[in-house]
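Asks: Before I ask anything, let me first share the structure, which is written out below as structure tokens.
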Amino acid sequence: MTDSKYFTTTKKGEIFELKNELNSDKKEKKKEAVKKVIASMTVGKDVSALFPDVVNCMQTDNVELKKLVYLYLMNYAKSQPDLAIMAVNTFVKDCEDPNPLIRALAVRTMGCIRVEKITEYLCDPLRRCMKDEDPYVRKTAAVCVAKLHDMNPALVKEQGFVELLNDLLSDANPMVVANAVAALTEMNEQQTVIEVNSQMVNKLLTALNECTEWGQVFILDALAGYTPRDERETQNICERISPRLAHANAAVVLSTVKVLMKLIDMMPADSDFITQLTKKLAPPMVTLLSAEPEIQYVALRNINLIVQKRPDILKQEMKVFFVKYNDPIYVKMEKLDIMIRLAQQNNIAQVLSELKEYATEVDVDFVRKSVRAIGRCAIKVEASSERCVQTLLELIQTKVNYVVQEAVVVIKDIFRKYPNRYESIISALCENLDTLDEPEARASMIWIIGEYAERIDNADELLESFVEGFHDENTQVQLQLLTAVVKLFLKRPGVAQALVQRVLSLATQDSDNPDLRDRGFIYWRLLSADPAAAKNVVLTEKPLISEETDLLEPSLLEQLVCHIGTLASVYHKPPSAFIDPAKAPLRQINPIPAAKFGSSLLDTSSTPNAARNGSAAAPTVIPSQDQVIADLLSLDLNAPAASANTGAFGGAMSGTTSMGGLDDLLGLGGDPMPAAPTNSASYNPFDGLGGLGGAAPAAPPSQQPASIGGLAEIFGSGGFGGSSGITYPKELWLDASKAMGMQVEGTFVRRGGKIFMEMTITNRAMQAISGFALQFNKNSFGLIPVEQVNPAPILPNQSQNYTIACDTTGAVQVTTPLTNLQVAIKNDINAFYFATTVPLLAYFREDGQMEKREFLEEWKSIPEQNEQQFTLQNTHNMNADAICTKLQQNNIHTVARRQVDNQQLLYHSVKYTNNLNVLSELKVNSQTTSITLSLKSKNLMAIANINEVFQALLN
Amino acid sequence: MATSAMFILDLKGKTIISRNYRGDIDMTAIDKFIHLLMEKEEEGSAAPVLTYQDTNFVFIKHTNIYLVSACRSNVNVTMILSFLYKCVEVFSEYFKDVEEESVRDNFVVIYELLDEMMDFGFPQTTESRILQEYITQEGQKLISAPRPPMAVTNAVSWRSEGIKYRKNEVFLDVIESVNMLASANGTVLQSEIVGSVKMRVYLTGMPELRLGLNDKVLFEGSGRGKSKSVELEDVKFHQCVRLSRFDTDRTISFIPPDGAFELMSYRLTTVVKPLIWIETSIERHSHSRVSFIIKAKSQFKRRSTANNVEIIIPVPSDADSPKFKTSIGSVKYTPEQSAFVWTIKNFPGGKEYLLTAHLSLPSVMSEESEGRPPIKVKFEIPYFTTSGIQVRYLKIIEKSGYQALPWVRYITQNGEYEMRMK
């Protein structure tokens, strides 16, 4: 008789019947009844009413029955917390059972009962079990600590379980070690309970050889979070884990890859060791492609990251990514992505013939992607573009509807990449005009017509046919059509006079879409005010589109490589993007780029028109003006407080805006209070334009008390600075358009031995924002804010300056470059993330002055390979005295000077906040303007970028 | 970091078994699973990982059930997927076919196993042979209740002490699967050999085994570079093999599990002549008929023979009235897979055979476009490895000092052996 019979009772009064059976005297009947209860529970019936009766069965000498009762308890204890207490005694008793299986079962189950009251009773038995003579019990107890921590972290600390767990890391039994490390890693994810140190790492590496495959995964994942002290340790870890690449379990392999990828970055790139190591990585990854399809998928998603990070590793392996007929579609799609990434001149012929093959398959999505891939090959490998275009044309001849549409979309991109090369095929494209029914394809075709209006004789007729059904088109198509008609008009005014008027009125008067209306108005205004300027704007030369598309933003990629094998690596999103923040505290949240770099480039390419170009170009223009403004201000003030209005009014207008602002500013250069007019100045130009859009966010200049207050603060703090050390101007950290109207600018300064974050928040939203809070991700120097941002609200169109004291007592995680800092800033609407760099200078300690002897000893003790040389330009021809003064002001301390022939040798020391020293030698030659700089440090990483600091100070 | 809950669902998405490991997810979220999956499949973006609000589902499908792991942190997906596959393996050791009915029939033991194999979402013991020592299907009395076998937590977690055999024997099977992909015009696009060394071990006590292969790296290291050796591109070992030892001196040393297991697998990409080559010429007369001329060539040594050769030729799904003519083997039309299968029981090396086939096509063309499945070939060639790999020795040392006999067999078979059609 099988278990399925337990599922079959469907009579009425079932619960009642079960109750009777559970209380039966006959053991067999009892057991049967419990099985029925579990069966009901399994299919989702509520059998919680039987709680007391089931718990009564707990005291049994039958292991199977006990397990079933325990299972029931775990499921329902939460709903019946008071009754669950009834079971505690049995648990405690079972924890002392002579049979280790029972002891472990009890402690395992008890930990799973998430009832607050029970946890109190859990502590004693758990402590005993952690020291049990049987490893089976100890390994179960180790996991139980993580369970307890999940419910009550404070209790775990209070009761000293962290220490006990730490002791288990030295256990003689590998499985106990593995579970202890799994528990610790898990707890560390919530909050750091124990730092992984090199001693611990050694224990783990020893246990690695002996524990089960899963234990190996736990250990490797724990190692992934550890940063070795020096190169030797790094190399040692690599050597000891790399044999794991030959493990049959895919999880062991990928976790090994993860640790190796991280460690490789920490060693000098050109060493033989690295070359050998990276060679070892490719074969295991290729082998993963013979695993089960689901695992293949995960492997491919990860390979996608690895190929972006280190293209060399798999560049020879193109063929293994060829798609097989029976691959599941998700595997096919991923393989295609990787094929494009690996496509190069030497393999392009093969890739193309494969892609062409795929383009004739049946799965529509796969076919589309294959067609797109051909286009991407054309853009990536210039030498192949001819063949790609030829292939696309052949595909267009097939007249398969979706193939043609995809082909049109990619051909548009090819035109953008290679202007004036393949226009001969336009006529072939025009033949298929009628078959295009997807917005993207229509939009692309219209773009092509507009862009080459002068070469297409009947461009006006073609566009006119589209204009007929203007209102039925998708917005994307409408926008494109508007731009194309304007282009046509500018190129051939004669034929399109009527058309352009019609389109402009359609866009501005009959449309509900604000984007379309705004664009229409801008064109209209431009055309009527200054047709020459319109020509310059609309027909401007477009930036070339990038070769690689869909590349992950570098800092995200960096982060994802650290998460190889995990969900994040499959989603290509940082963990914070899909994990409930309630579970993962803010400090774990890492930056999410507001837009992927690659795709934003693609965006501009898919809607390449004047207004878009204008706004795309704007950010590059405006920050530089910001800097000019900031520089101007910093003549008088240490901390600049400029908040030029950027991007609030898209496109060309914002350009004029800040130009106006700048003029005013220049005029005010000598003004003793330059910042106050800045605000009004940046609004002034809007007055003239206000009537145009009707929505200019013109705030009366009188509404500026907040920022004036902020200024006072700056003057105050400026006074403390005292030294004339370099202060970096504020830069734009978070653009209003990416943070729902909150714009953040800021910089870091060091004053009086402390690091301050100077920040300006500007509210560009329509409503007041408030409730600010700030957090830094782990960084190289452990920088954390020690005060919070004043959460008081900022009214629309106002700014507030903040000076936030920071110190370096936070968690440390080495970033590249060292100065990287990822910041999360929250307001009452949402949380936002950005990455910035902290000027290295901010980390130089005032007390870094070294004794001459000390300096000499350290200089000698540092090996040759830790020395780097740079050549600096002494553009102002500063003499040695001036250089020393300048450096001293910035905490680069002069240790000694010496004259050799006509060369001055200057020795300096720098001490970071983490007490690392960097020693420098400057060779200043009065005859030339170049200075030789040698830097030495025990830790090679510490040298990075210091040369730039020197150069900046010399300028 | 770990799985929050495990589910076994039937094809309609109804829960058969559920086990909540961490109590941090909404257990009713699983009801959305099947809709989510179907939605994604329709979009063409189905992947083995799905998201519903803040729950992530990682799953595999086996026969007519889904094994789903639900989790809400940044879990190690690879580990979870491997674990799910391991579950299927263990279940099948317990009750052979793992499918809806058998899962229902064995739910008690499955709960027990899930309890033992995973704790708080961390995979624990997954060696079915060890599990079988203390999780059995018969209810036991506590007095005689089993204790956890030493092996559960031992460094040798895959073998128990005290195993006894009257006759000590080891069987070694070296099986090579040839994966090949050829384009329609006859160029070999990709060809690789995936080999596997499978063992059946019937040995007493805790034997220490050492396997010697004609591994090129080893041979060159020991100065025997001239003897015939094989360069393995990648090797994967069962967890019993001491990986660090292999890494230092290429020695494959291990204490084997009891019974059958896969000791190692290896992969090499070599340009070998396709063992069986198929040339086709097709004449399509749309609306009326299609005719095939198939030439099969065996391109391996004359001394070897391929057994049970099956050549599967896809045909349009609406074809009918097949007529075949061949000098050897038998041909069967299998409309359910839109193909005909040419079976040749014995196909000696260096031979060539012909088949002609005629099928009628309906006069009305079907609306749906069809894919172009490739030709597939299945075969087995005994006493032969394509790579040339050889077992040089298998040393068995046990403290009682018994003599044990190793038996070695070689076989080459098809892997994914596909040739695209024009």
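Residue numbering restarts at 1 in every chain; chains get A, B, ... in the order shown in the structure tokens, and ligands count up from 1 in that same order.
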Starting from chain A, keep only residues with some atom at most 6 Å from an atom of chain B, counting only C-alpha atoms, and report them as a VMD selection string.
Replies: chain A and resid 2 to 4 42 61 to 62 64 101 175 210 to 211 243 246 to 248 251 283 294 330 361 to 362 565 to 567 575 579
Asks: Just the selected residues (C-alpha atoms), exported as an mmCIF file, in the first residue's frame, please.
Replies:
data_model
loop_
_atom_site.group_PDB
_atom_site.id
_atom_site.type_symbol
_atom_site.label_atom_id
_atom_site.label_comp_id
_atom_site.auth_asym_id
_atom_site.auth_seq_id
_atom_site.Cartn_x
_atom_site.Cartn_y
_atom_site.Cartn_z
ATOM 1 C CA THR A 2 1.404 3.385 -0.911
ATOM 2 C CA ASP A 3 1.144 6.712 0.804
ATOM 3 C CA SER A 4 -1.278 8.106 -1.740
ATOM 4 C CA THR A 42 0.590 19.206 2.047
ATOM 5 C CA ASP A 61 9.333 5.937 20.361
ATOM 6 C CA ASN A 62 8.773 5.792 16.641
ATOM 7 C CA GLU A 64 9.202 8.227 11.638
ATOM 8 C CA LEU A 101 19.945 11.415 15.408
ATOM 9 C CA MET A 175 31.148 19.181 7.671
ATOM 10 C CA GLU A 210 37.713 17.340 2.832
ATOM 11 C CA CYS A 211 34.148 18.519 3.008
ATOM 12 C CA PRO A 243 42.038 22.513 -8.181
ATOM 13 C CA ALA A 246 37.920 20.098 -11.732
ATOM 14 C CA HIS A 247 34.995 19.327 -9.460
ATOM 15 C CA ALA A 248 31.983 17.622 -10.998
ATOM 16 C CA ALA A 251 28.249 25.160 -8.180
ATOM 17 C CA PRO A 283 37.989 24.918 -20.080
ATOM 18 C CA GLU A 294 19.166 25.217 -16.513
ATOM 19 C CA TYR A 330 16.575 30.628 -23.153
ATOM 20 C CA GLU A 361 14.543 29.143 -37.972
ATOM 21 C CA VAL A 362 10.981 29.117 -36.691
ATOM 22 C CA GLY A 565 26.819 32.117 -9.650
ATOM 23 C CA THR A 566 24.141 33.978 -7.738
ATOM 24 C CA LEU A 567 20.774 35.410 -8.687
ATOM 25 C CA PRO A 575 21.173 42.365 -5.301
ATOM 26 C CA ILE A 579 15.858 42.086 -2.552
#
Asks: Which residues come within 6 Å of stretch 361-364 of chain B, counting only C-alpha atoms, excluding same-chain residues fewer than 5 positions away, as number ranges by chain?
Replies: B: 287-289, 319
Asks: For B:Gly350, which residue out of B:Leu213, B:Ala296, B:Met199, B:Leu67 is the nearest one, using only C-alpha atoms?
Replies: B:Ala296
Asks: Grab the atom CA of B:Lys301 to atom CA of B:Gly349 distance for me, in Å with one decimal place.
Replies: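 It comes out at 5.2 Å.
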Asks: Got a sec to tell me which of stretch 61-106 of chain B DSSP assigns to strand (DSSP E or B), as a PyMOL selection string?
Replies: chain B and resi 61-62+65-71+76
Asks: Could you dump the residues just selected with C-alpha atoms as an mmCIF file, in the first residue's frame?
Replies:
data_model
loop_
_atom_site.group_PDB
_atom_site.id
_atom_site.type_symbol
_atom_site.label_atom_id
_atom_site.label_comp_id
_atom_site.auth_asym_id
_atom_site.auth_seq_id
_atom_site.Cartn_x
_atom_site.Cartn_y
_atom_site.Cartn_z
ATOM 1 C CA LYS B 61 11.188 20.233 -14.686
ATOM 2 C CA HIS B 62 11.475 16.504 -14.400
ATOM 3 C CA ILE B 65 6.648 17.525 -12.057
ATOM 4 C CA TYR B 66 8.364 20.802 -11.282
ATOM 5 C CA LEU B 67 10.887 21.043 -8.505
ATOM 6 C CA VAL B 68 10.878 24.634 -7.358
ATOM 7 C CA SER B 69 13.033 26.435 -4.873
ATOM 8 C CA ALA B 70 11.684 29.746 -3.631
ATOM 9 C CA CYS B 71 14.095 32.263 -2.229
ATOM 10 C CA ASN B 76 23.748 30.912 -5.211
#
Asks: Looking at only C-alpha atoms, which of B:Asn308, B:Thr63, B:Ser338, B:Ser177 is the one that sits closest to A:Ser290?
Replies: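 So, comparing all the options, the nearest one is B:Ser177.
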Asks: Skipping near chain neighbours, those fewer than 3 positions away, what residues fall within 7 Å of B:Leu394 using only C-alpha atoms, listed as a list in words?
Replies: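 Skipping anything fewer than 3 positions along the chain leaves Leu209, Arg210, Leu211, Gly212 and Pro406 of chain B.
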Asks: What is the atom CA of A:Asp550 to atom CA of A:Val570 distance in Å?
Replies: 15.1 Å
Asks: Please measure the separation of atom CA of A:Thr185 and atom CA of A:Gln559, giving the value in Å to one decimal.
Replies: 18.1 Å
Asks: Excluding stretch 924-926 of chain A and any residue of its chain fewer than 5 positions from it, enumerate the residues within 8 Å of it, using only C-alpha atoms, and give them as a VMD selection string.
Replies: chain A and resid 879 to 880 902 to 906 931 to 932
Asks: Based on the selection just made, write N, CA and C atoms of those residues as a PDB file, in the first residue's frame.
Replies:
ATOM      1  N   ASN A 879      59.643  76.445  -7.934  1.00  0.00           N
ATOM      2  CA  ASN A 879      60.924  75.977  -7.409  1.00  0.00           C
ATOM      3  C   ASN A 879      60.682  75.014  -6.257  1.00  0.00           C
ATOM      4  N   ALA A 880      61.753  74.438  -5.789  1.00  0.00           N
ATOM      5  CA  ALA A 880      61.628  73.395  -4.778  1.00  0.00           C
ATOM      6  C   ALA A 880      60.901  73.899  -3.537  1.00  0.00           C
ATOM      7  N   ASN A 902      72.737  69.947 -10.414  1.00  0.00           N
ATOM      8  CA  ASN A 902      71.689  70.965 -10.494  1.00  0.00           C
ATOM      9  C   ASN A 902      70.300  70.352 -10.307  1.00  0.00           C
ATOM     10  N   GLN A 903      70.290  69.231  -9.583  1.00  0.00           N
ATOM     11  CA  GLN A 903      69.011  68.585  -9.321  1.00  0.00           C
ATOM     12  C   GLN A 903      68.676  68.687  -7.843  1.00  0.00           C
ATOM     13  N   GLN A 904      67.433  68.981  -7.580  1.00  0.00           N
ATOM     14  CA  GLN A 904      66.955  68.983  -6.199  1.00  0.00           C
ATOM     15  C   GLN A 904      66.228  67.672  -5.968  1.00  0.00           C
ATOM     16  N   LEU A 905      66.590  66.965  -4.914  1.00  0.00           N
ATOM     17  CA  LEU A 905      65.850  65.755  -4.570  1.00  0.00           C
ATOM     18  C   LEU A 905      65.015  66.045  -3.326  1.00  0.00           C
ATOM     19  N   LEU A 906      63.719  65.846  -3.476  1.00  0.00           N
ATOM     20  CA  LEU A 906      62.812  66.134  -2.364  1.00  0.00           C
ATOM     21  C   LEU A 906      62.169  64.829  -1.909  1.00  0.00           C
ATOM     22  N   ILE A 931      59.368  66.785 -13.931  1.00  0.00           N
ATOM     23  CA  ILE A 931      59.835  66.330 -12.630  1.00  0.00           C
ATOM     24  C   ILE A 931      59.635  64.833 -12.584  1.00  0.00           C
ATOM     25  N   THR A 932      60.631  64.111 -12.083  1.00  0.00           N
ATOM     26  CA  THR A 932      60.457  62.670 -11.959  1.00  0.00           C
ATOM     27  C   THR A 932      59.980  62.347 -10.553  1.00  0.00           C
TER      28      THR A 932
END
Asks: Could you pull the residues within 7 Å of stretch 749-757 of chain A, counting only C-alpha atoms, minus those fewer than 6 positions along the same chain, as a ChimeraX atom specification?
Replies: /A:721,727,803-807,842,845-846
Asks: Please dump the current selection as a PDB file, in the first residue's frame; keep N, CA and C atoms.
Replies:
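Below is the file selection28.pdb, written as the result:
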ATOM      1  N   GLY A 721      38.806  76.381   7.493  1.00  0.00           N
ATOM      2  CA  GLY A 721      39.736  75.719   6.590  1.00  0.00           C
ATOM      3  C   GLY A 721      41.170  76.143   6.823  1.00  0.00           C
ATOM      4  N   THR A 727      41.046  72.487  -2.814  1.00  0.00           N
ATOM      5  CA  THR A 727      39.681  72.044  -2.580  1.00  0.00           C
ATOM      6  C   THR A 727      39.086  71.738  -3.939  1.00  0.00           C
ATOM      7  N   THR A 803      27.016  70.327   5.435  1.00  0.00           N
ATOM      8  CA  THR A 803      28.395  69.915   5.680  1.00  0.00           C
ATOM      9  C   THR A 803      28.315  68.742   6.627  1.00  0.00           C
ATOM     10  N   ILE A 804      28.732  67.595   6.151  1.00  0.00           N
ATOM     11  CA  ILE A 804      28.540  66.390   6.948  1.00  0.00           C
ATOM     12  C   ILE A 804      29.896  65.834   7.348  1.00  0.00           C
ATOM     13  N   ALA A 805      30.114  65.745   8.615  1.00  0.00           N
ATOM     14  CA  ALA A 805      31.387  65.207   9.098  1.00  0.00           C
ATOM     15  C   ALA A 805      31.418  63.705   8.853  1.00  0.00           C
ATOM     16  N   CYS A 806      32.599  63.225   8.444  1.00  0.00           N
ATOM     17  CA  CYS A 806      32.741  61.803   8.174  1.00  0.00           C
ATOM     18  C   CYS A 806      33.946  61.291   8.945  1.00  0.00           C
ATOM     19  N   ASP A 807      33.996  60.015   9.188  1.00  0.00           N
ATOM     20  CA  ASP A 807      35.263  59.452   9.643  1.00  0.00           C
ATOM     21  C   ASP A 807      35.507  58.102   8.972  1.00  0.00           C
ATOM     22  N   ALA A 842      41.886  63.852   0.769  1.00  0.00           N
ATOM     23  CA  ALA A 842      41.072  63.864   1.978  1.00  0.00           C
ATOM     24  C   ALA A 842      41.509  62.795   2.960  1.00  0.00           C
ATOM     25  N   ARG A 845      46.710  62.076   6.339  1.00  0.00           N
ATOM     26  CA  ARG A 845      46.681  62.519   7.737  1.00  0.00           C
ATOM     27  C   ARG A 845      47.624  63.680   7.965  1.00  0.00           C
ATOM     28  N   GLU A 846      47.227  64.547   8.886  1.00  0.00           N
ATOM     29  CA  GLU A 846      48.063  65.696   9.235  1.00  0.00           C
ATOM     30  C   GLU A 846      49.341  65.243   9.924  1.00  0.00           C
TER      31      GLU A 846
END
Asks: With a distance cut-off of 9 Å and only C-alpha atoms, select the neighbouring residues of A:Leu184, excluding the residue or stretch itself and same-chain residues fewer than 6 positions from it, and output the selection as JSON, numbers by chain.
Replies: {"A": [145, 146, 162, 165, 166, 193, 194, 222]}
Asks: Stretch 748-857 of chain A: which residues are helix (DSSP H, G or I) by DSSP, as a CSV table (one decimal) with C-alpha atoms, in the first residue's frame?
Replies:
chain,number,residue,atom,x,y,z
A,840,LEU,CA,42.7,61.1,-2.3
A,841,LEU,CA,43.9,64.2,-0.5
A,842,ALA,CA,41.1,63.9,2.0
A,843,TYR,CA,42.6,60.7,3.3
A,852,LYS,CA,64.3,60.9,8.4
A,853,ARG,CA,65.7,57.7,9.8
A,854,GLU,CA,62.3,56.0,9.8
A,855,PHE,CA,61.8,57.2,6.2
A,856,LEU,CA,65.2,55.8,5.1
A,857,GLU,CA,64.6,52.4,6.7
Asks: Could you name the residues that touch B:Thr204 at 10 Å or less, counting only C-alpha atoms, but leaving out those on the same chain fewer than 4 positions away, as a list in words?
Replies: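 Non-adjacent residues within range: Glu161, Gly162, Ile163, Lys164, Tyr165, Arg166, Lys167, Asn168, Glu169, Asp258, Glu398, Ser400, Tyr402 and Ala404 of chain B.
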